[in-house]
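**Student:** Below is the structure I would like to discuss, written out as structure tokens.
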Amino acid sequence: MNSTTVTTLDDEVEKPAPVRTGAPLLATDIKVTGQPLDPGHVGRIIKPRELVDIIELTPLNRSETILYNQLLAHAWNNIRTTPVHKVLKASLRGSHESNDRLHDAFDKLMGAWAKIRARDQATGAMATFRVHLLGSNKEEDQDDGYFYYTFPPDLLAVISQSKAWATIKSHIMYALRSKYSIRLYEMVERRIGLNKQHEEFTVDEFRSMLGVPEGKLDRYADFNKYCLKPALEEVNHLTDFVVQIAAIKRGRAVEKLHMTWFKKSPAELRQAHDEREKSRIGRAARWTGRVDVIAFDDPA
């Protein structure tokens, strides 16, 4: 992007997290760095656990998922203190030459909501919250104008107390071509620093976290073929870690999914980096014949 379209964040250089005496580190204490709005540059996006491990989410496509991450990243460093954020529309459209994609995506995000679990500040107990992803906003008519936006107060209340987060590498996010791959990548980034390296989910929980629409891919065999396997292939080839998922059956039915993750070796990291730098054209062919570390047994 040229200098007229790149939106500069307050923090371009990564800084150490602030020290909070006597209190746990919050997600909002961690800063967004680099240039995460620009696919041509490296950036770091912070996404709180509650927006990653979602119980239910209005289905978003890949472009809408990325746009929401961009809006969150642009606002993040001042999200607790600045009520209205503004960003150049041109800095959100990536390789697109017009804002046509943005108009529809803004409309979709305005009506999107999520069901999340978080601690109620009033009672101290865990509760289920239903929150809209985006608050009131304003879009200037001119192509090089600004988009002004807010986040709903109930969502901000959840974000402000979050103690866990995913550190999303924007250059990896842009390389992933499926919305399911991006959601799986976020799930693992949220967990990669934990002591444990595995977790079990029900199939419904995993479907929800990946954002599979209600009524779509209802059969496990279809969910496995059209969602899980393609997402795993992309994540394992293009990101900094390897993910394995095993189907746990009760009788003939798949009851749970056991996910394991671990960081790649230096050689594997270089291989993933080189693949991200290559053209997407021919990528599937380049992967053909490589050892597949993931094995699924479809239910009969």
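Following the order of the structure tokens, first chain is A, next is B, and so on, with residues numbered from 1 inside each chain and ligands from 1 in the order they appear.
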Counting only C-alpha atoms, what is within 7 Å of stretch 158-165 of chain A, bar same-chain residues fewer than 2 positions away, as a list in words?

**Tutor:**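 The residues that qualify are Leu25, Leu26, Ala27, Thr28, Ile46, Lys47, Pro48, Arg49, Arg80, Ala118, Asp154, Leu155, Leu156, Thr167 and Arg190 of chain A.
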
**Student:** Could the residues in this selection be saved with C-alpha atoms as a PDB file, in the first residue's frame?

**Tutor:**
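Result saved to result01.pdb:
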```
ATOM      1  CA  LEU A  25      -2.295  -9.675  33.077  1.00  0.00           C
ATOM      2  CA  LEU A  26      -5.302  -8.738  30.964  1.00  0.00           C
ATOM      3  CA  ALA A  27      -5.711  -9.154  27.233  1.00  0.00           C
ATOM      4  CA  THR A  28      -5.971  -5.378  26.875  1.00  0.00           C
ATOM      5  CA  ILE A  46      -4.698  -9.610  19.960  1.00  0.00           C
ATOM      6  CA  LYS A  47      -8.061 -11.371  20.149  1.00  0.00           C
ATOM      7  CA  PRO A  48      -9.563 -12.140  23.576  1.00  0.00           C
ATOM      8  CA  ARG A  49     -10.461 -15.722  24.460  1.00  0.00           C
ATOM      9  CA  ARG A  80     -10.711   0.828  26.840  1.00  0.00           C
ATOM     10  CA  ALA A 118     -17.525 -15.040  30.543  1.00  0.00           C
ATOM     11  CA  ASP A 154     -21.651  -5.243  26.919  1.00  0.00           C
ATOM     12  CA  LEU A 155     -18.945  -6.586  24.598  1.00  0.00           C
ATOM     13  CA  LEU A 156     -16.448  -4.020  25.922  1.00  0.00           C
ATOM     14  CA  THR A 167      -1.863 -13.677  19.419  1.00  0.00           C
ATOM     15  CA  ARG A 190      -5.122 -19.108  21.904  1.00  0.00           C
TER      16      ARG A 190
END
```

**Student:** DSSP on the backbone: which residues in stretch 134-253 of chain A end up as strand (DSSP E)? Give the answer as a PyMOL selection string.

**Tutor:** chain A and resi 137-139+146-149+165-169+198-202+241-250+253

**Student:** To one decimal place, how far is atom CA of A:Lys86 from atom CA of A:Glu50 in Å?

**Tutor:**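 Straight-line distance from atom CA of A:Lys86 to atom CA of A:Glu50 works out to 23.9 Å.
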
**Student:** So, with only C-alpha atoms as the atoms that count, which of A:Ile79, A:Val87, A:Leu51, A:Ala73 lies closest to A:Arg117?

**Tutor:**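 Going through A:Ile79, A:Val87, A:Leu51, A:Ala73 one by one, the smallest distance to A:Arg117 is for A:Leu51.
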
**Student:** Quick one: DSSP alpha helix (DSSP H) residues in stretch 214-245 of chain A, as a list in words?

**Tutor:** Tyr220, Ala221, Asp222, Phe223, Lys229, Pro230, Ala231, Leu232, Glu233, Glu234, Val235, Asn236, His237 and Leu238 of chain A

**Student:** Go ahead and save the picked residues with all heavy atoms, as a tab-separated table (two decimals), in the first residue's frame.

**Tutor:**
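What ended up in part11.tsv:
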```tsv
chain	number	residue	atom	x	y	z
A	220	TYR	N	-21.52	-35.92	10.29
A	220	TYR	CA	-20.11	-35.82	10.64
A	220	TYR	C	-19.21	-36.06	9.43
A	220	TYR	O	-18.18	-35.39	9.25
A	220	TYR	CB	-19.74	-36.81	11.75
A	220	TYR	CG	-18.25	-36.79	12.02
A	220	TYR	CD1	-17.67	-35.77	12.77
A	220	TYR	CD2	-17.43	-37.78	11.48
A	220	TYR	CE1	-16.31	-35.73	12.98
A	220	TYR	CE2	-16.05	-37.73	11.69
A	220	TYR	CZ	-15.50	-36.71	12.44
A	220	TYR	OH	-14.15	-36.67	12.64
A	221	ALA	N	-19.59	-37.01	8.57
A	221	ALA	CA	-18.77	-37.30	7.39
A	221	ALA	C	-18.62	-36.06	6.51
A	221	ALA	O	-17.54	-35.80	5.97
A	221	ALA	CB	-19.40	-38.45	6.60
A	222	ASP	N	-19.70	-35.27	6.37
A	222	ASP	CA	-19.62	-34.05	5.56
A	222	ASP	C	-18.81	-32.97	6.28
A	222	ASP	O	-18.01	-32.25	5.66
A	222	ASP	CB	-21.03	-33.53	5.28
A	222	ASP	CG	-21.83	-34.47	4.39
A	222	ASP	OD1	-21.21	-35.20	3.59
A	222	ASP	OD2	-23.08	-34.49	4.52
A	223	PHE	N	-19.03	-32.83	7.59
A	223	PHE	CA	-18.27	-31.88	8.39
A	223	PHE	C	-16.78	-32.18	8.30
A	223	PHE	O	-15.94	-31.28	8.15
A	223	PHE	CB	-18.76	-31.95	9.84
A	223	PHE	CG	-17.97	-31.15	10.82
A	223	PHE	CD1	-17.78	-29.79	10.67
A	223	PHE	CD2	-17.41	-31.77	11.94
A	223	PHE	CE1	-17.05	-29.04	11.59
A	223	PHE	CE2	-16.68	-31.04	12.88
A	223	PHE	CZ	-16.50	-29.68	12.70
A	229	LYS	N	-10.99	-31.42	7.42
A	229	LYS	CA	-9.81	-31.83	6.66
A	229	LYS	C	-9.18	-30.66	5.89
A	229	LYS	O	-7.96	-30.48	5.94
A	229	LYS	CB	-10.15	-32.99	5.72
A	229	LYS	CG	-10.20	-34.34	6.43
A	229	LYS	CD	-10.36	-35.48	5.43
A	229	LYS	CE	-10.26	-36.83	6.13
A	229	LYS	NZ	-10.42	-37.95	5.16
A	230	PRO	N	-9.96	-29.87	5.14
A	230	PRO	CA	-9.33	-28.74	4.44
A	230	PRO	C	-8.71	-27.72	5.39
A	230	PRO	O	-7.64	-27.17	5.11
A	230	PRO	CB	-10.51	-28.12	3.66
A	230	PRO	CG	-11.50	-29.22	3.52
A	230	PRO	CD	-11.39	-30.02	4.77
A	231	ALA	N	-9.38	-27.46	6.53
A	231	ALA	CA	-8.83	-26.51	7.50
A	231	ALA	C	-7.53	-27.02	8.09
A	231	ALA	O	-6.55	-26.28	8.24
A	231	ALA	CB	-9.85	-26.22	8.60
A	232	LEU	N	-7.50	-28.29	8.45
A	232	LEU	CA	-6.28	-28.89	9.00
A	232	LEU	C	-5.14	-28.85	7.99
A	232	LEU	O	-3.99	-28.57	8.34
A	232	LEU	CB	-6.56	-30.33	9.41
A	232	LEU	CG	-7.27	-30.52	10.76
A	232	LEU	CD1	-7.81	-31.93	10.88
A	232	LEU	CD2	-6.34	-30.19	11.91
A	233	GLU	N	-5.44	-29.12	6.74
A	233	GLU	CA	-4.39	-29.11	5.72
A	233	GLU	C	-3.76	-27.73	5.60
A	233	GLU	O	-2.53	-27.59	5.58
A	233	GLU	CB	-4.96	-29.55	4.37
A	233	GLU	CG	-3.90	-29.63	3.27
A	233	GLU	CD	-4.45	-30.19	1.98
A	233	GLU	OE1	-5.25	-29.48	1.34
A	233	GLU	OE2	-4.09	-31.31	1.61
A	234	GLU	N	-4.60	-26.69	5.54
A	234	GLU	CA	-4.07	-25.34	5.44
A	234	GLU	C	-3.28	-24.94	6.68
A	234	GLU	O	-2.18	-24.39	6.58
A	234	GLU	CB	-5.22	-24.34	5.23
A	234	GLU	CG	-5.56	-24.07	3.79
A	234	GLU	CD	-6.09	-22.67	3.60
A	234	GLU	OE1	-7.02	-22.26	4.31
A	234	GLU	OE2	-5.55	-21.97	2.71
A	235	VAL	N	-3.84	-25.20	7.85
A	235	VAL	CA	-3.17	-24.81	9.09
A	235	VAL	C	-1.84	-25.54	9.23
A	235	VAL	O	-0.82	-24.94	9.60
A	235	VAL	CB	-4.08	-25.10	10.30
A	235	VAL	CG1	-3.29	-25.02	11.61
A	235	VAL	CG2	-5.24	-24.10	10.33
A	236	ASN	N	-1.81	-26.80	8.91
A	236	ASN	CA	-0.57	-27.58	9.07
A	236	ASN	C	0.50	-27.21	8.06
A	236	ASN	O	1.69	-27.37	8.33
A	236	ASN	CB	-0.87	-29.07	9.00
A	236	ASN	CG	-1.53	-29.59	10.26
A	236	ASN	OD1	-1.30	-29.07	11.35
A	236	ASN	ND2	-2.37	-30.60	10.14
A	237	HIS	N	0.13	-26.69	6.92
A	237	HIS	CA	1.11	-26.33	5.91
A	237	HIS	C	1.54	-24.87	5.97
A	237	HIS	O	2.66	-24.54	5.57
A	237	HIS	CB	0.57	-26.63	4.51
A	237	HIS	CG	0.60	-28.07	4.14
A	237	HIS	ND1	-0.46	-28.92	4.39
A	237	HIS	CD2	1.56	-28.85	3.59
A	237	HIS	CE1	-0.16	-30.14	3.98
A	237	HIS	NE2	1.06	-30.12	3.50
A	238	LEU	N	0.68	-23.99	6.50
A	238	LEU	CA	0.98	-22.56	6.40
A	238	LEU	C	1.25	-21.86	7.72
A	238	LEU	O	1.71	-20.72	7.73
A	238	LEU	CB	-0.19	-21.85	5.69
A	238	LEU	CG	-0.43	-22.24	4.24
A	238	LEU	CD1	-1.67	-21.53	3.70
A	238	LEU	CD2	0.78	-21.91	3.37
```
